[in-house]
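Working notes, structure below.
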Amino acid sequence: MGGAIDAKSDSKNPCTLFKYIYATCLLIFSVIVVVWMIFERKTHLSHDVNPWGVIVIMFGALLWLCMVEGGQGALVGLPPVDRELYKDSHKITYKICSMAHKGDNLDRYLMGRQFLVIFIVFIVEMCGAPIAGETLYWLPAWASNLFLTSGLAMILFTVQLGKVPSQVTASHMMLDYINNYSALFTVYVALALEYSGILHSSYVMAMIVAKLSGKPIESNEPPRNTAQNISSGFVAPCLWLCSDLPSP
């Protein structure tokens, strides 16, 4: 779906070629620094957990982050496309879109998906972010401050491996990108998170902003009945109240 990424013609431009090279070198260097810190047990999680286990958790989380980020681009871009055109060629994509594009489910998915992004990035940071004051013996002080103290190495590592490439790829290959069970699982998890009510304070803020601006919030679904309102609004207040209870 969509045109191919035309990087070949751009690579002939010296300026663009330079950007490709130095960005790739920065990424490779950041990966080396992060992995080295893990095996030196100088990150938050590797300090207490076997470094190989931390590596598996971190790169597993990055793989899931790729699906979460790329899946968003595909699901947001596919609504104008008639689902019957790919019903037989991309069966899982058809199933996902039939569910995610029904009523207001796309908004629900986007809310749950945003929680997933923050959660996964938090996991990656726990695995790879250095403990305060830790460094590598072969890094000069200025490089340690630039890449470790400031967090630049982890930013480049997370953004260039788990976020941006998947978004760019999915925007050009929307049908193929989510035509797998990993994407289906991700959509289920995102919708379940939204349904739990833990994020429903966002709806309250949206209603307040809409009221102040004088513009109504449009929905693709009929008004909810009392039972539906209770089920959608009960969990979040309960969790909020329980959070204030004293520990046993």
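Ordering of the structure tokens sets the chain letters (A, B, ...); residue numbers start at 1 within each chain; ligands are numbered from 1 in the order shown.
Excluding region 189-204 of chain A itself and same-chain residues fewer than 2 positions from it, the residues having an atom within 6 Å of it are Arg108, Tyr109, Gly112, Arg113, Thr186, Val187, Ala206, Met207, Val235 and Ala236 of chain A, counting only C-alpha atoms.
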Atom pair CA of Gly53 (chain A) + CA of Val159 (chain A), distance 21.8 Å
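Closest to Arg83 (chain A) among A:Lys102, A:Ile28, A:Pro140, A:Gly70 is A:Lys102, based on only C-alpha atoms.
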- Item | Members of region 74-175 of chain A assigned helix (DSSP H, G or I) by DSSP, as a ChimeraX atom specification | /A:74-77,83-86,91-100,105-128,141-149,152-172,174-175
key: Long-range neighbours of His90 (chain A) as an MDAnalysis selection string, 8 Å cut-off, only C-alpha atoms, 2 positions minimum in chain   = chainID A and resid 86:88 92:94 175:176 179
Could you write out the selected residues, including all heavy atoms, as a JSON list (two decimals), in the first residue's frame?
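File produced: part-v7.json:
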```json
[["chain", "number", "residue", "atom", "x", "y", "z"],
["A", 86, "TYR", "N", -9.28, -5.76, 0.13],
["A", 86, "TYR", "CA", -8.20, -6.61, 0.65],
["A", 86, "TYR", "C", -8.73, -7.69, 1.59],
["A", 86, "TYR", "O", -7.97, -8.27, 2.37],
["A", 86, "TYR", "CB", -7.14, -5.76, 1.36],
["A", 86, "TYR", "CG", -7.65, -4.84, 2.46],
["A", 86, "TYR", "CD1", -7.82, -5.32, 3.76],
["A", 86, "TYR", "CD2", -7.94, -3.51, 2.20],
["A", 86, "TYR", "CE1", -8.27, -4.48, 4.77],
["A", 86, "TYR", "CE2", -8.39, -2.67, 3.20],
["A", 86, "TYR", "CZ", -8.55, -3.16, 4.49],
["A", 86, "TYR", "OH", -9.00, -2.33, 5.49],
["A", 87, "LYS", "N", -10.01, -7.98, 1.49],
["A", 87, "LYS", "CA", -10.63, -8.98, 2.36],
["A", 87, "LYS", "C", -9.99, -10.35, 2.21],
["A", 87, "LYS", "O", -9.79, -11.07, 3.21],
["A", 87, "LYS", "CB", -12.13, -9.06, 2.06],
["A", 87, "LYS", "CG", -12.88, -10.06, 2.93],
["A", 87, "LYS", "CD", -14.36, -10.05, 2.61],
["A", 87, "LYS", "CE", -15.11, -11.04, 3.50],
["A", 87, "LYS", "NZ", -16.57, -11.04, 3.20],
["A", 88, "ASP", "N", -9.65, -10.74, 0.99],
["A", 88, "ASP", "CA", -9.08, -12.07, 0.74],
["A", 88, "ASP", "C", -7.56, -12.08, 0.73],
["A", 88, "ASP", "O", -6.93, -13.07, 1.10],
["A", 88, "ASP", "CB", -9.60, -12.62, -0.60],
["A", 88, "ASP", "CG", -11.12, -12.82, -0.58],
["A", 88, "ASP", "OD1", -11.64, -13.24, 0.47],
["A", 88, "ASP", "OD2", -11.76, -12.54, -1.61],
["A", 92, "ILE", "N", -5.89, -10.92, 7.99],
["A", 92, "ILE", "CA", -5.73, -10.42, 9.35],
["A", 92, "ILE", "C", -5.89, -8.90, 9.38],
["A", 92, "ILE", "O", -6.52, -8.36, 10.30],
["A", 92, "ILE", "CB", -4.36, -10.83, 9.93],
["A", 92, "ILE", "CG1", -4.22, -12.35, 9.93],
["A", 92, "ILE", "CG2", -4.18, -10.28, 11.35],
["A", 92, "ILE", "CD1", -2.88, -12.85, 10.45],
["A", 93, "THR", "N", -5.37, -8.23, 8.37],
["A", 93, "THR", "CA", -5.57, -6.79, 8.27],
["A", 93, "THR", "C", -7.06, -6.47, 8.18],
["A", 93, "THR", "O", -7.54, -5.52, 8.81],
["A", 93, "THR", "CB", -4.84, -6.22, 7.04],
["A", 93, "THR", "OG1", -3.44, -6.48, 7.16],
["A", 93, "THR", "CG2", -5.06, -4.72, 6.92],
["A", 94, "TYR", "N", -7.78, -7.26, 7.41],
["A", 94, "TYR", "CA", -9.23, -7.06, 7.28],
["A", 94, "TYR", "C", -9.92, -7.23, 8.64],
["A", 94, "TYR", "O", -10.80, -6.43, 9.01],
["A", 94, "TYR", "CB", -9.79, -8.07, 6.27],
["A", 94, "TYR", "CG", -11.29, -8.00, 6.12],
["A", 94, "TYR", "CD1", -11.88, -7.06, 5.27],
["A", 94, "TYR", "CD2", -12.13, -8.87, 6.81],
["A", 94, "TYR", "CE1", -13.26, -6.98, 5.12],
["A", 94, "TYR", "CE2", -13.50, -8.81, 6.67],
["A", 94, "TYR", "CZ", -14.07, -7.86, 5.83],
["A", 94, "TYR", "OH", -15.43, -7.79, 5.70],
["A", 175, "LEU", "N", -1.09, -2.16, 4.53],
["A", 175, "LEU", "CA", -1.78, -3.44, 4.52],
["A", 175, "LEU", "C", -0.89, -4.58, 5.03],
["A", 175, "LEU", "O", -1.31, -5.42, 5.82],
["A", 175, "LEU", "CB", -2.29, -3.77, 3.12],
["A", 175, "LEU", "CG", -3.44, -2.93, 2.60],
["A", 175, "LEU", "CD1", -3.76, -3.31, 1.16],
["A", 175, "LEU", "CD2", -4.68, -3.11, 3.46],
["A", 176, "ASP", "N", 0.33, -4.60, 4.56],
["A", 176, "ASP", "CA", 1.25, -5.69, 4.92],
["A", 176, "ASP", "C", 1.72, -5.58, 6.37],
["A", 176, "ASP", "O", 1.95, -6.60, 7.03],
["A", 176, "ASP", "CB", 2.46, -5.69, 3.99],
["A", 176, "ASP", "CG", 2.08, -6.04, 2.56],
["A", 176, "ASP", "OD1", 1.19, -6.88, 2.39],
["A", 176, "ASP", "OD2", 2.67, -5.47, 1.63],
["A", 179, "ASN", "N", -0.69, -7.15, 8.87],
["A", 179, "ASN", "CA", -1.29, -8.43, 8.45],
["A", 179, "ASN", "C", -0.60, -9.59, 9.19],
["A", 179, "ASN", "O", -0.05, -10.51, 8.59],
["A", 179, "ASN", "CB", -1.16, -8.61, 6.94],
["A", 179, "ASN", "CG", -2.03, -9.74, 6.42],
["A", 179, "ASN", "OD1", -3.18, -9.90, 6.83],
["A", 179, "ASN", "ND2", -1.49, -10.54, 5.52]]
```
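Counting only C-alpha atoms, Ala23 (chain A) has the following residues at most 10 Å away, ignoring those fewer than 6 positions along the same chain: Leu17, Phe29, Leu156 and Gln160 of chain A.
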